[in-house]
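> This is final.cif (mmCIF, C-alpha atoms).
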```cif
data_model
#
loop_
_atom_site.label_atom_id
_atom_site.label_comp_id
_atom_site.auth_asym_id
_atom_site.auth_seq_id
_atom_site.Cartn_x
_atom_site.Cartn_y
_atom_site.Cartn_z
CA MET I 1 -129.82 126.60 -124.46
CA ASP I 2 -133.23 125.35 -125.55
CA LYS I 3 -133.26 127.35 -128.78
CA ILE I 4 -132.12 125.38 -131.80
CA PRO I 5 -129.88 127.62 -133.92
CA ASN I 6 -130.67 127.91 -137.62
CA ASN I 7 -127.58 126.83 -139.47
CA ARG I 8 -128.81 127.47 -143.01
CA ALA I 9 -126.65 130.59 -143.27
CA TRP I 10 -123.66 128.26 -143.59
CA TRP I 11 -124.70 127.60 -147.20
CA LEU I 12 -123.62 131.18 -147.96
CA VAL I 13 -120.09 130.19 -146.98
CA LEU I 14 -120.02 127.50 -149.68
CA PRO I 15 -118.47 129.68 -152.47
CA VAL I 16 -115.65 130.73 -150.16
CA PHE I 17 -115.16 127.13 -149.13
CA LEU I 18 -114.83 126.05 -152.79
CA LEU I 19 -112.38 128.87 -153.45
CA VAL I 20 -110.30 127.94 -150.41
CA ALA I 21 -110.40 124.30 -151.47
CA PHE I 22 -108.75 125.21 -154.76
CA SER I 23 -106.33 127.77 -153.42
CA ALA I 24 -105.35 126.10 -150.14
CA LEU I 25 -106.67 122.61 -149.44
CA ILE I 26 -105.64 120.91 -152.68
CA PRO I 27 -102.13 122.45 -152.65
CA LEU I 28 -101.83 121.48 -148.97
CA MET I 29 -102.82 117.88 -149.73
CA THR I 30 -100.28 117.85 -152.55
CA VAL I 31 -97.56 119.08 -150.21
CA VAL I 32 -98.43 116.30 -147.75
CA ASN I 33 -98.14 113.79 -150.60
CA TYR I 34 -94.79 115.21 -151.67
CA SER I 35 -93.46 115.10 -148.13
CA VAL I 36 -93.63 111.30 -147.94
CA GLN I 37 -92.09 110.63 -151.36
CA ASP I 38 -88.82 111.08 -153.18
CA ILE I 39 -89.82 112.62 -156.50
CA PHE I 40 -87.39 112.65 -159.42
CA GLY I 41 -89.84 113.64 -162.15
CA PRO I 42 -93.31 112.88 -163.48
CA GLY I 43 -94.13 109.23 -162.78
CA GLN I 44 -90.90 108.68 -160.87
CA ALA I 45 -91.85 108.88 -157.24
CA TYR I 46 -90.73 106.58 -154.44
CA PHE I 47 -92.45 106.27 -151.11
CA VAL I 48 -90.05 107.04 -148.26
CA GLY I 49 -92.43 107.35 -145.30
CA THR I 50 -91.39 109.84 -142.62
CA GLU I 51 -87.73 109.91 -143.61
CA TRP I 52 -87.81 113.52 -144.83
CA PHE I 53 -89.41 114.66 -141.57
CA LYS I 54 -86.72 112.88 -139.57
CA GLU I 55 -83.99 114.48 -141.69
CA VAL I 56 -85.51 117.96 -141.52
CA LEU I 57 -86.03 117.76 -137.74
CA THR I 58 -82.40 116.76 -137.13
CA ASP I 59 -80.86 119.09 -139.75
CA GLU I 60 -78.65 121.62 -137.98
CA ARG I 61 -78.90 124.18 -140.76
CA LEU I 62 -82.67 124.24 -140.39
CA GLN I 63 -82.55 124.35 -136.61
CA ASP I 64 -80.19 127.32 -136.86
CA SER I 65 -82.46 129.18 -139.24
CA LEU I 66 -85.48 128.40 -137.04
CA LEU I 67 -83.63 129.81 -134.03
CA ARG I 68 -82.62 132.91 -136.02
CA GLN I 69 -86.22 133.30 -137.10
CA PHE I 70 -87.53 133.27 -133.52
CA LEU I 71 -84.77 135.66 -132.42
CA PHE I 72 -85.64 138.01 -135.26
CA SER I 73 -89.40 137.92 -134.63
CA GLY I 74 -88.81 138.37 -130.88
CA ALA I 75 -86.54 141.38 -131.47
CA VAL I 76 -89.03 142.86 -133.92
CA LEU I 77 -91.85 142.63 -131.37
CA LEU I 78 -89.71 143.92 -128.48
CA ILE I 79 -88.71 147.01 -130.45
CA GLN I 80 -91.72 147.79 -132.61
CA ILE I 81 -94.55 147.42 -130.08
CA PRO I 82 -93.21 149.86 -127.42
CA LEU I 83 -91.92 152.19 -130.13
CA GLY I 84 -95.26 152.12 -131.97
CA ILE I 85 -97.14 152.90 -128.74
CA SER I 86 -94.88 155.85 -127.93
CA VAL I 87 -95.15 157.24 -131.48
CA ALA I 88 -98.95 156.99 -131.25
CA LEU I 89 -98.94 158.74 -127.86
CA MET I 90 -96.87 161.60 -129.25
CA MET I 91 -98.98 162.19 -132.36
CA PRO I 92 -101.30 165.24 -132.29
CA LYS I 93 -104.88 164.31 -131.49
CA SER I 94 -106.62 166.17 -134.30
CA GLY I 95 -106.49 169.01 -136.78
CA ILE I 96 -104.18 169.59 -139.72
CA LYS I 97 -101.14 168.56 -137.66
CA GLY I 98 -102.76 165.22 -136.88
CA SER I 99 -103.56 164.52 -140.53
CA LEU I 100 -100.05 165.52 -141.60
CA CYS I 101 -98.54 163.21 -138.99
CA LEU I 102 -100.76 160.33 -140.12
CA ILE I 103 -99.62 160.72 -143.74
CA LEU I 104 -95.95 161.03 -142.80
CA VAL I 105 -96.10 157.99 -140.54
CA ALA I 106 -97.95 155.92 -143.15
CA ILE I 107 -95.50 156.53 -146.00
CA PRO I 108 -93.13 153.59 -145.27
CA LEU I 109 -96.13 151.23 -145.36
CA LEU I 110 -96.82 152.16 -148.98
CA ILE I 111 -93.40 151.08 -150.24
CA PRO I 112 -93.13 147.56 -151.72
CA TRP I 113 -90.88 145.08 -149.93
CA ASN I 114 -88.19 144.75 -152.58
CA VAL I 115 -87.98 148.53 -152.93
CA VAL I 116 -87.50 148.82 -149.15
CA GLY I 117 -84.66 146.29 -149.47
CA THR I 118 -83.05 148.24 -152.30
CA ILE I 119 -83.43 151.58 -150.52
CA TRP I 120 -81.66 150.25 -147.43
CA GLN I 121 -79.05 148.41 -149.45
CA ILE I 122 -77.93 151.72 -150.92
CA PHE I 123 -78.67 153.84 -147.82
CA ALA I 124 -76.48 151.62 -145.61
CA ARG I 125 -73.51 151.29 -147.97
CA GLY I 126 -70.25 152.64 -146.61
CA ASP I 127 -69.10 154.31 -149.82
CA ILE I 128 -72.18 155.94 -151.34
CA GLY I 129 -74.96 155.48 -148.75
CA LEU I 130 -75.76 158.37 -146.44
CA PHE I 131 -76.37 156.14 -143.40
CA GLY I 132 -73.35 153.86 -143.84
CA TRP I 133 -71.06 156.71 -144.77
CA GLY I 134 -72.26 158.82 -141.83
CA ILE I 135 -71.68 156.01 -139.31
CA ASN I 136 -68.20 155.38 -140.72
CA GLN I 137 -67.41 159.11 -140.50
CA LEU I 138 -68.25 158.96 -136.78
CA GLY I 139 -65.34 156.59 -136.42
CA ILE I 140 -67.45 153.44 -136.01
CA ASP I 141 -66.47 150.55 -138.23
CA TYR I 142 -69.71 149.60 -139.93
CA ASN I 143 -70.07 147.19 -142.84
CA TYR I 144 -73.27 145.21 -143.23
CA THR I 145 -71.87 142.92 -145.91
CA GLY I 146 -68.96 141.80 -143.77
CA SER I 147 -70.06 141.78 -140.14
CA THR I 148 -72.81 139.60 -138.71
CA VAL I 149 -73.76 142.12 -136.03
CA ASP I 150 -73.96 144.98 -138.54
CA ALA I 151 -76.05 142.87 -140.93
CA TRP I 152 -78.50 141.98 -138.15
CA LEU I 153 -78.72 145.58 -136.98
CA THR I 154 -79.37 146.77 -140.53
CA VAL I 155 -82.08 144.18 -141.20
CA LEU I 156 -83.72 145.00 -137.85
CA LEU I 157 -83.50 148.74 -138.43
CA MET I 158 -85.02 148.30 -141.89
CA ASP I 159 -87.90 146.28 -140.51
CA VAL I 160 -88.45 148.80 -137.70
CA TRP I 161 -88.51 151.62 -140.23
CA HIS I 162 -90.90 149.74 -142.50
CA TRP I 163 -93.38 148.33 -139.99
CA THR I 164 -93.41 150.39 -136.77
CA PRO I 165 -95.85 152.77 -138.53
CA LEU I 166 -98.39 149.95 -138.71
CA VAL I 167 -98.24 149.48 -134.93
CA ALA I 168 -98.35 153.25 -134.44
CA LEU I 169 -101.43 153.65 -136.66
CA LEU I 170 -103.25 150.79 -134.93
CA CYS I 171 -102.47 152.23 -131.50
CA TYR I 172 -103.42 155.73 -132.68
CA SER I 173 -106.86 154.49 -133.72
CA GLY I 174 -107.18 152.66 -130.39
CA LEU I 175 -106.25 155.81 -128.47
CA ARG I 176 -108.76 157.93 -130.40
CA ALA I 177 -111.52 155.50 -129.41
CA ILE I 178 -111.09 156.26 -125.69
CA PRO I 179 -113.92 158.60 -124.55
CA GLU I 180 -112.86 162.03 -123.27
CA ALA I 181 -114.70 161.37 -119.98
CA PHE I 182 -111.97 158.95 -118.93
CA TYR I 183 -109.34 161.68 -119.19
CA GLN I 184 -111.56 164.19 -117.37
CA ALA I 185 -112.02 161.73 -114.50
CA ALA I 186 -108.26 161.18 -114.38
CA GLU I 187 -107.69 164.94 -114.26
CA ILE I 188 -110.11 165.33 -111.35
CA ASP I 189 -108.18 162.61 -109.52
CA ARG I 190 -104.94 164.41 -110.40
CA ALA I 191 -103.59 161.25 -111.97
CA SER I 192 -100.03 161.46 -113.27
CA LYS I 193 -99.26 160.93 -116.94
CA TRP I 194 -97.90 157.49 -116.17
CA ALA I 195 -101.06 156.56 -114.23
CA VAL I 196 -103.21 157.71 -117.14
CA PHE I 197 -101.16 155.53 -119.48
CA ARG I 198 -101.03 152.54 -117.14
CA TYR I 199 -104.67 152.47 -116.01
CA ILE I 200 -106.60 154.10 -118.87
CA GLN I 201 -104.75 153.95 -122.16
CA LEU I 202 -102.95 150.61 -121.93
CA PRO I 203 -105.98 148.52 -120.85
CA ARG I 204 -108.08 150.17 -123.57
CA LEU I 205 -105.40 149.39 -126.15
CA LYS I 206 -105.38 145.71 -125.26
CA SER I 207 -107.34 144.29 -128.19
CA VAL I 208 -105.64 146.58 -130.73
CA LEU I 209 -102.26 145.55 -129.35
CA ILE I 210 -103.06 141.85 -129.65
CA ILE I 211 -103.87 142.40 -133.33
CA ALA I 212 -100.67 144.44 -133.77
CA VAL I 213 -98.57 141.72 -132.12
CA LEU I 214 -100.23 139.03 -134.26
CA LEU I 215 -99.72 140.94 -137.52
CA ARG I 216 -96.13 141.86 -136.71
CA PHE I 217 -95.32 138.34 -135.59
CA MET I 218 -96.77 136.70 -138.70
CA ASP I 219 -95.17 139.19 -141.07
CA SER I 220 -91.74 138.98 -139.47
CA PHE I 221 -91.97 135.21 -139.21
CA MET I 222 -92.37 134.83 -142.97
CA ILE I 223 -90.02 137.67 -143.92
CA TYR I 224 -88.26 136.95 -147.19
CA THR I 225 -87.85 139.78 -149.69
CA GLU I 226 -86.25 142.50 -147.56
CA PRO I 227 -83.28 140.56 -146.11
CA PHE I 228 -82.93 138.71 -149.43
CA VAL I 229 -82.48 141.99 -151.28
CA LEU I 230 -80.47 143.69 -148.53
CA THR I 231 -77.97 141.01 -147.47
CA GLY I 232 -78.84 137.97 -149.57
CA GLY I 233 -78.94 136.04 -146.29
CA GLY I 234 -75.30 136.81 -145.50
CA PRO I 235 -72.64 137.23 -144.35
CA GLY I 236 -72.41 133.44 -144.42
CA SER I 237 -75.91 132.44 -143.44
CA SER I 238 -76.28 134.84 -140.52
CA THR I 239 -79.41 136.57 -141.84
CA THR I 240 -80.90 133.59 -143.69
CA PHE I 241 -84.37 133.23 -142.24
CA LEU I 242 -86.79 130.33 -142.56
CA SER I 243 -88.54 131.20 -145.80
CA GLN I 244 -85.24 131.84 -147.56
CA THR I 245 -83.90 128.47 -146.43
CA LEU I 246 -87.10 126.89 -147.67
CA THR I 247 -86.95 128.63 -151.05
CA THR I 248 -83.32 127.63 -151.56
CA MET I 249 -84.22 124.05 -150.77
CA ALA I 250 -87.33 123.84 -152.97
CA ILE I 251 -86.31 125.93 -155.98
CA GLY I 252 -82.52 126.16 -155.76
CA GLN I 253 -81.82 122.50 -155.02
CA PHE I 254 -85.15 121.16 -156.29
CA ASP I 255 -85.31 118.99 -153.17
CA LEU I 256 -89.12 118.74 -153.24
CA GLY I 257 -89.69 116.01 -150.64
CA ARG I 258 -87.50 117.62 -148.02
CA ALA I 259 -88.90 121.09 -148.77
CA ALA I 260 -92.45 119.74 -148.47
CA ALA I 261 -91.71 118.18 -145.08
CA PHE I 262 -90.06 121.41 -143.96
CA SER I 263 -92.97 123.58 -145.12
CA LEU I 264 -95.43 121.35 -143.25
CA ILE I 265 -93.47 121.86 -140.04
CA TYR I 266 -93.33 125.61 -140.78
CA PHE I 267 -97.12 125.50 -141.33
CA LEU I 268 -97.66 123.72 -138.00
CA ILE I 269 -95.64 126.35 -136.14
CA VAL I 270 -97.60 129.17 -137.79
CA LEU I 271 -100.89 127.35 -137.13
CA LEU I 272 -100.11 126.90 -133.44
CA ILE I 273 -99.06 130.51 -132.91
CA SER I 274 -102.01 131.92 -134.88
CA TRP I 275 -104.38 129.77 -132.88
CA LEU I 276 -102.86 131.02 -129.60
CA PHE I 277 -103.28 134.63 -130.72
CA PHE I 278 -106.78 133.99 -132.04
CA THR I 279 -107.79 132.47 -128.71
CA ALA I 280 -106.27 135.44 -126.88
CA ILE I 281 -108.19 137.91 -129.08
CA THR I 282 -111.56 136.18 -128.72
CA HIS I 283 -111.11 135.92 -124.95
CA ALA I 284 -110.10 139.58 -124.68
CA ASP I 285 -113.33 140.42 -126.55
CA LYS I 286 -115.39 138.28 -124.18
CA GLU I 287 -113.94 139.99 -121.12
CA GLN I 288 -114.94 143.38 -122.50
CA MET P 1 -106.24 116.29 -162.49
CA ILE P 2 -105.22 113.84 -159.78
CA ALA P 3 -101.91 112.64 -161.25
CA TRP P 4 -99.90 115.74 -160.39
CA MET P 5 -100.93 115.45 -156.75
CA ASN P 6 -98.93 112.21 -156.48
CA TRP P 7 -101.36 110.55 -154.10
CA THR P 8 -100.07 107.76 -151.85
CA PRO P 9 -102.36 105.36 -149.93
CA SER P 10 -101.15 106.47 -146.49
CA VAL P 11 -101.81 110.17 -147.16
CA ALA P 12 -105.20 109.29 -148.67
CA ILE P 13 -106.08 107.37 -145.48
CA PHE P 14 -104.87 110.30 -143.37
CA PHE P 15 -107.12 112.82 -145.11
CA ALA P 16 -110.02 110.36 -145.27
CA VAL P 17 -109.82 109.93 -141.47
CA ILE P 18 -109.80 113.71 -140.95
CA ALA P 19 -112.76 114.14 -143.31
CA ALA P 20 -114.60 111.31 -141.54
CA LEU P 21 -113.89 112.92 -138.14
CA LEU P 22 -115.32 116.22 -139.39
CA ALA P 23 -118.39 114.46 -140.82
CA VAL P 24 -119.01 112.53 -137.58
CA MET P 25 -118.60 115.74 -135.54
CA THR P 26 -121.10 117.52 -137.81
CA VAL P 27 -123.70 114.77 -137.42
CA PHE P 28 -123.03 114.63 -133.66
CA GLU P 29 -123.50 118.41 -133.47
CA ILE P 30 -126.86 118.19 -135.27
CA ILE P 31 -128.06 115.35 -133.00
CA SER P 32 -126.89 116.97 -129.78
CA PRO P 33 -125.65 120.58 -130.09
CA CYS P 34 -122.88 121.33 -127.61
CA THR P 35 -122.24 124.44 -125.54
CA GLU P 36 -118.96 125.90 -124.35
CA ARG P 37 -117.73 124.46 -121.11
CA LYS P 38 -114.60 124.51 -119.00
CA GLY P 39 -112.64 121.35 -118.27
CA PHE P 40 -108.99 121.00 -117.35
CA LEU P 41 -107.94 123.32 -120.19
CA PRO P 42 -107.50 126.95 -119.06
CA ILE P 43 -110.11 128.22 -121.55
CA GLU P 44 -113.76 127.49 -122.28
CA THR P 45 -114.00 125.20 -125.29
CA THR P 46 -116.59 123.63 -127.56
CA ARG P 47 -116.33 120.07 -128.87
CA GLY P 48 -114.86 121.37 -132.15
CA ASP P 49 -112.22 123.41 -130.30
CA ARG P 50 -111.16 120.34 -128.38
CA LEU P 51 -110.95 118.27 -131.58
CA PHE P 52 -108.76 120.96 -133.15
CA ILE P 53 -106.50 121.13 -130.09
CA GLY P 54 -106.29 117.34 -130.09
CA LEU P 55 -105.36 117.13 -133.78
CA LEU P 56 -102.81 119.93 -133.51
CA SER P 57 -101.16 118.39 -130.47
CA ALA P 58 -101.21 114.99 -132.24
CA ALA P 59 -99.08 116.55 -135.00
CA TYR P 60 -96.62 117.86 -132.42
CA ILE P 61 -96.55 114.52 -130.57
CA HIS P 62 -95.61 112.75 -133.83
CA LEU P 63 -92.92 115.33 -134.62
CA ALA P 64 -91.49 115.03 -131.10
CA PHE P 65 -91.31 111.24 -131.42
CA LEU P 66 -89.51 111.61 -134.76
CA ALA P 67 -87.14 114.26 -133.50
CA VAL P 68 -85.89 112.73 -130.27
CA SER P 69 -86.40 108.98 -130.53
CA ASN P 70 -86.47 105.98 -132.83
CA ILE P 71 -89.63 104.55 -131.29
CA SER P 72 -92.21 103.38 -133.83
CA LEU P 73 -94.70 106.07 -134.84
CA TRP P 74 -97.53 103.64 -134.04
CA VAL P 75 -96.76 104.36 -130.39
CA ALA P 76 -97.04 108.09 -131.14
CA LEU P 77 -100.36 107.42 -132.86
CA GLY P 78 -101.60 105.49 -129.81
CA VAL P 79 -100.55 108.28 -127.46
CA SER P 80 -102.25 110.84 -129.71
CA VAL P 81 -105.54 108.94 -129.90
CA LEU P 82 -105.53 108.46 -126.12
CA TRP P 83 -104.79 112.18 -125.62
CA LEU P 84 -107.56 113.14 -128.07
CA LEU P 85 -110.09 111.00 -126.19
CA VAL P 86 -109.04 112.43 -122.81
CA LEU P 87 -109.28 115.94 -124.26
CA LEU P 88 -112.72 115.37 -125.76
CA ARG P 89 -114.07 113.91 -122.54
CA TRP P 90 -112.49 116.04 -119.80
CA GLY P 91 -110.81 118.97 -121.64
#
```
Could you take the file, read its structure, and then write that structure out as structure tokens?


Amino acid sequence: MDKIPNNRAWWLVLPVFLLVAFSALIPLMTVVNYSVQDIFGPGQAYFVGTEWFKEVLTDERLQDSLLRQFLFSGAVLLIQIPLGISVALMMPKSGIKGSLCLILVAIPLLIPWNVVGTIWQIFARGDIGLFGWGINQLGIDYNYTGSTVDAWLTVLLMDVWHWTPLVALLCYSGLRAIPEAFYQAAEIDRASKWAVFRYIQLPRLKSVLIIAVLLRFMDSFMIYTEPFVLTGGGPGSSTTFLSQTLTTMAIGQFDLGRAAAFSLIYFLIVLLISWLFFTAITHADKEQ
Amino acid sequence: MIAWMNWTPSVAIFFAVIAALLAVMTVFEIISPCTERKGFLPIETTRGDRLFIGLLSAAYIHLAFLAVSNISLWVALGVSVLWLLVLLRWG
């Protein structure tokens, strides 16, 4: 590298930097300040050092909701990624059927979160909801407000219904980008359908899939509205995920110091995972 | 403007150190631009990447000290600085 790069283009980033400073950096600094103090009101703040962090890290309620959060995000990825790929593989390649499929698949993505929660809250009810009533008629005892397992299944099903289309659309666009010559070569070799999927489609979907996994992980990791509307975090606290715990702490109990410490730890987890994904994406690009 | 942010000296020092690190790295980069290289980390990294990894792991080191022990956080700070230096040199 004997060429000295011209870095003057960085000045063009300055407006964005200022915007981010106001929308992210200053609030972040404030949160760090809050996390080391006990604040009762304006002008009544007491420095407590790392006490809040210690309390948050050893709080069983928070550990439980963190564990639930990872379980939920893991389940979401395990279901939605394979399902999204298979939906994309089954969609017609072109023509009016293809367009119709695209629109149908995309519809759940257009519905706002709280509406999705409300739809499923009614849909899954045992007395008036088609889904809940139907399951009960089959002789299976199903009640998402009373049973932990049913509540989890309902929240998962709702998320799968809402977000699998995103994975499917991403994979569909990835599949369409594969040149026809690859399939022709596979046909000449008499490759089986599985071989075509394993050695042509899947490797070509790699970068799209990393983005899908990242998006689905981040979204499910900060999920709030849908379970809040559907189950309110219950029964007990069995579907109370991280952001709901955080909101209860910060707004419900007005426990600002503890909530600030907790949100910083939340931020660090998100930062680490995003960085891992980002590194994976950039390296996948380099290999291609 | 500043009052609502509830600044404390320790947090101010924390952010000042980070800002200073970024400034020093910028000047260092202008004086001697770095290229990606591979050390003991499994990926190719630039100096900035290694600083980021070092800072992020420093945060986790501090949290781990808080979570599982009562050892003074100055020890955690020492470990973090040492780790950052190792990372910058051989990472």

> Hey, list the chain P side of the contact with chain I: 12 Å cut-off, all atoms listed in the file, answer as an MDAnalysis selection string.

chainID P and resid 1:16 18 26 29:36 42:45 49 52:70 72:73

> Just the selected residues (C-alpha atoms), exported as an mmCIF file, in the frame of the given file, please.


```cif
data_model
loop_
_atom_site.group_PDB
_atom_site.id
_atom_site.type_symbol
_atom_site.label_atom_id
_atom_site.label_comp_id
_atom_site.auth_asym_id
_atom_site.auth_seq_id
_atom_site.Cartn_x
_atom_site.Cartn_y
_atom_site.Cartn_z
ATOM 1 C CA MET P 1 -106.240 116.290 -162.490
ATOM 2 C CA ILE P 2 -105.220 113.840 -159.780
ATOM 3 C CA ALA P 3 -101.910 112.640 -161.250
ATOM 4 C CA TRP P 4 -99.900 115.740 -160.390
ATOM 5 C CA MET P 5 -100.930 115.450 -156.750
ATOM 6 C CA ASN P 6 -98.930 112.210 -156.480
ATOM 7 C CA TRP P 7 -101.360 110.550 -154.100
ATOM 8 C CA THR P 8 -100.070 107.760 -151.850
ATOM 9 C CA PRO P 9 -102.360 105.360 -149.930
ATOM 10 C CA SER P 10 -101.150 106.470 -146.490
ATOM 11 C CA VAL P 11 -101.810 110.170 -147.160
ATOM 12 C CA ALA P 12 -105.200 109.290 -148.670
ATOM 13 C CA ILE P 13 -106.080 107.370 -145.480
ATOM 14 C CA PHE P 14 -104.870 110.300 -143.370
ATOM 15 C CA PHE P 15 -107.120 112.820 -145.110
ATOM 16 C CA ALA P 16 -110.020 110.360 -145.270
ATOM 17 C CA ILE P 18 -109.800 113.710 -140.950
ATOM 18 C CA THR P 26 -121.100 117.520 -137.810
ATOM 19 C CA GLU P 29 -123.500 118.410 -133.470
ATOM 20 C CA ILE P 30 -126.860 118.190 -135.270
ATOM 21 C CA ILE P 31 -128.060 115.350 -133.000
ATOM 22 C CA SER P 32 -126.890 116.970 -129.780
ATOM 23 C CA PRO P 33 -125.650 120.580 -130.090
ATOM 24 C CA CYS P 34 -122.880 121.330 -127.610
ATOM 25 C CA THR P 35 -122.240 124.440 -125.540
ATOM 26 C CA GLU P 36 -118.960 125.900 -124.350
ATOM 27 C CA PRO P 42 -107.500 126.950 -119.060
ATOM 28 C CA ILE P 43 -110.110 128.220 -121.550
ATOM 29 C CA GLU P 44 -113.760 127.490 -122.280
ATOM 30 C CA THR P 45 -114.000 125.200 -125.290
ATOM 31 C CA ASP P 49 -112.220 123.410 -130.300
ATOM 32 C CA PHE P 52 -108.760 120.960 -133.150
ATOM 33 C CA ILE P 53 -106.500 121.130 -130.090
ATOM 34 C CA GLY P 54 -106.290 117.340 -130.090
ATOM 35 C CA LEU P 55 -105.360 117.130 -133.780
ATOM 36 C CA LEU P 56 -102.810 119.930 -133.510
ATOM 37 C CA SER P 57 -101.160 118.390 -130.470
ATOM 38 C CA ALA P 58 -101.210 114.990 -132.240
ATOM 39 C CA ALA P 59 -99.080 116.550 -135.000
ATOM 40 C CA TYR P 60 -96.620 117.860 -132.420
ATOM 41 C CA ILE P 61 -96.550 114.520 -130.570
ATOM 42 C CA HIS P 62 -95.610 112.750 -133.830
ATOM 43 C CA LEU P 63 -92.920 115.330 -134.620
ATOM 44 C CA ALA P 64 -91.490 115.030 -131.100
ATOM 45 C CA PHE P 65 -91.310 111.240 -131.420
ATOM 46 C CA LEU P 66 -89.510 111.610 -134.760
ATOM 47 C CA ALA P 67 -87.140 114.260 -133.500
ATOM 48 C CA VAL P 68 -85.890 112.730 -130.270
ATOM 49 C CA SER P 69 -86.400 108.980 -130.530
ATOM 50 C CA ASN P 70 -86.470 105.980 -132.830
ATOM 51 C CA SER P 72 -92.210 103.380 -133.830
ATOM 52 C CA LEU P 73 -94.700 106.070 -134.840
#
```

> Work out how far CA of Asp38 in chain I is from CA of Gly233 in chain I, in Å to one decimal.

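CA of Gly233 in chain I sits 27.7 Å away from CA of Asp38 in chain I.
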
> Applied to this file, what does the PyMOL selection byres ((chain I and resi 213) around 10) return in terms of residues, put as a PyMOL selection string?

chain I and resi 76-78+80-81+167+207-212+214-219+277

> I need the residues from that last selection saved to file as an mmCIF file, keeping the file's coordinate frame (with C-alpha atoms), if you can.


```cif
data_model
loop_
_atom_site.group_PDB
_atom_site.id
_atom_site.type_symbol
_atom_site.label_atom_id
_atom_site.label_comp_id
_atom_site.auth_asym_id
_atom_site.auth_seq_id
_atom_site.Cartn_x
_atom_site.Cartn_y
_atom_site.Cartn_z
ATOM 1 C CA VAL I 76 -89.030 142.860 -133.920
ATOM 2 C CA LEU I 77 -91.850 142.630 -131.370
ATOM 3 C CA LEU I 78 -89.710 143.920 -128.480
ATOM 4 C CA GLN I 80 -91.720 147.790 -132.610
ATOM 5 C CA ILE I 81 -94.550 147.420 -130.080
ATOM 6 C CA VAL I 167 -98.240 149.480 -134.930
ATOM 7 C CA SER I 207 -107.340 144.290 -128.190
ATOM 8 C CA VAL I 208 -105.640 146.580 -130.730
ATOM 9 C CA LEU I 209 -102.260 145.550 -129.350
ATOM 10 C CA ILE I 210 -103.060 141.850 -129.650
ATOM 11 C CA ILE I 211 -103.870 142.400 -133.330
ATOM 12 C CA ALA I 212 -100.670 144.440 -133.770
ATOM 13 C CA LEU I 214 -100.230 139.030 -134.260
ATOM 14 C CA LEU I 215 -99.720 140.940 -137.520
ATOM 15 C CA ARG I 216 -96.130 141.860 -136.710
ATOM 16 C CA PHE I 217 -95.320 138.340 -135.590
ATOM 17 C CA MET I 218 -96.770 136.700 -138.700
ATOM 18 C CA ASP I 219 -95.170 139.190 -141.070
ATOM 19 C CA PHE I 277 -103.280 134.630 -130.720
#
```

> Calculate how many Å separate CA of Glu226 in chain I from CA of Ile103 in chain I, rounding to one decimal.

22.9 Å

> Kindly resolve the PyMOL selection byres ((chain I and resi 115) around 12) on the present coordinates and return the residues as an mmCIF file with C-alpha atoms, in the coordinates of the input.


```
data_model
loop_
_atom_site.group_PDB
_atom_site.id
_atom_site.type_symbol
_atom_site.label_atom_id
_atom_site.label_comp_id
_atom_site.auth_asym_id
_atom_site.auth_seq_id
_atom_site.Cartn_x
_atom_site.Cartn_y
_atom_site.Cartn_z
ATOM 1 C CA PRO I 108 -93.130 153.590 -145.270
ATOM 2 C CA LEU I 109 -96.130 151.230 -145.360
ATOM 3 C CA LEU I 110 -96.820 152.160 -148.980
ATOM 4 C CA ILE I 111 -93.400 151.080 -150.240
ATOM 5 C CA PRO I 112 -93.130 147.560 -151.720
ATOM 6 C CA TRP I 113 -90.880 145.080 -149.930
ATOM 7 C CA ASN I 114 -88.190 144.750 -152.580
ATOM 8 C CA VAL I 116 -87.500 148.820 -149.150
ATOM 9 C CA GLY I 117 -84.660 146.290 -149.470
ATOM 10 C CA THR I 118 -83.050 148.240 -152.300
ATOM 11 C CA ILE I 119 -83.430 151.580 -150.520
ATOM 12 C CA TRP I 120 -81.660 150.250 -147.430
ATOM 13 C CA GLN I 121 -79.050 148.410 -149.450
ATOM 14 C CA ILE I 122 -77.930 151.720 -150.920
ATOM 15 C CA PHE I 123 -78.670 153.840 -147.820
ATOM 16 C CA MET I 158 -85.020 148.300 -141.890
ATOM 17 C CA HIS I 162 -90.900 149.740 -142.500
ATOM 18 C CA THR I 225 -87.850 139.780 -149.690
ATOM 19 C CA GLU I 226 -86.250 142.500 -147.560
ATOM 20 C CA PRO I 227 -83.280 140.560 -146.110
ATOM 21 C CA PHE I 228 -82.930 138.710 -149.430
ATOM 22 C CA VAL I 229 -82.480 141.990 -151.280
ATOM 23 C CA LEU I 230 -80.470 143.690 -148.530
#
```

> So what do you get for CA of Ile223 in chain I versus CA of Ser243 in chain I, distance-wise?

6.9 Å

> Selected by the PyMOL selection byres ((chain I and resi 196) around 12) in the shown coordinates: which residues, as a list of chain:residue names?

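Listing what the PyMOL selection byres ((chain I and resi 196) around 12) selects in the shown file: I:Leu89, I:Leu175, I:Ile178, I:Phe182, I:Tyr183, I:Gln184, I:Ala185, I:Ala186, I:Glu187, I:Ile188, I:Asp189, I:Arg190, I:Ala191, I:Ser192, I:Lys193, I:Trp194, I:Ala195, I:Phe197, I:Arg198, I:Tyr199, I:Ile200, I:Gln201, I:Leu202, I:Pro203, I:Arg204.
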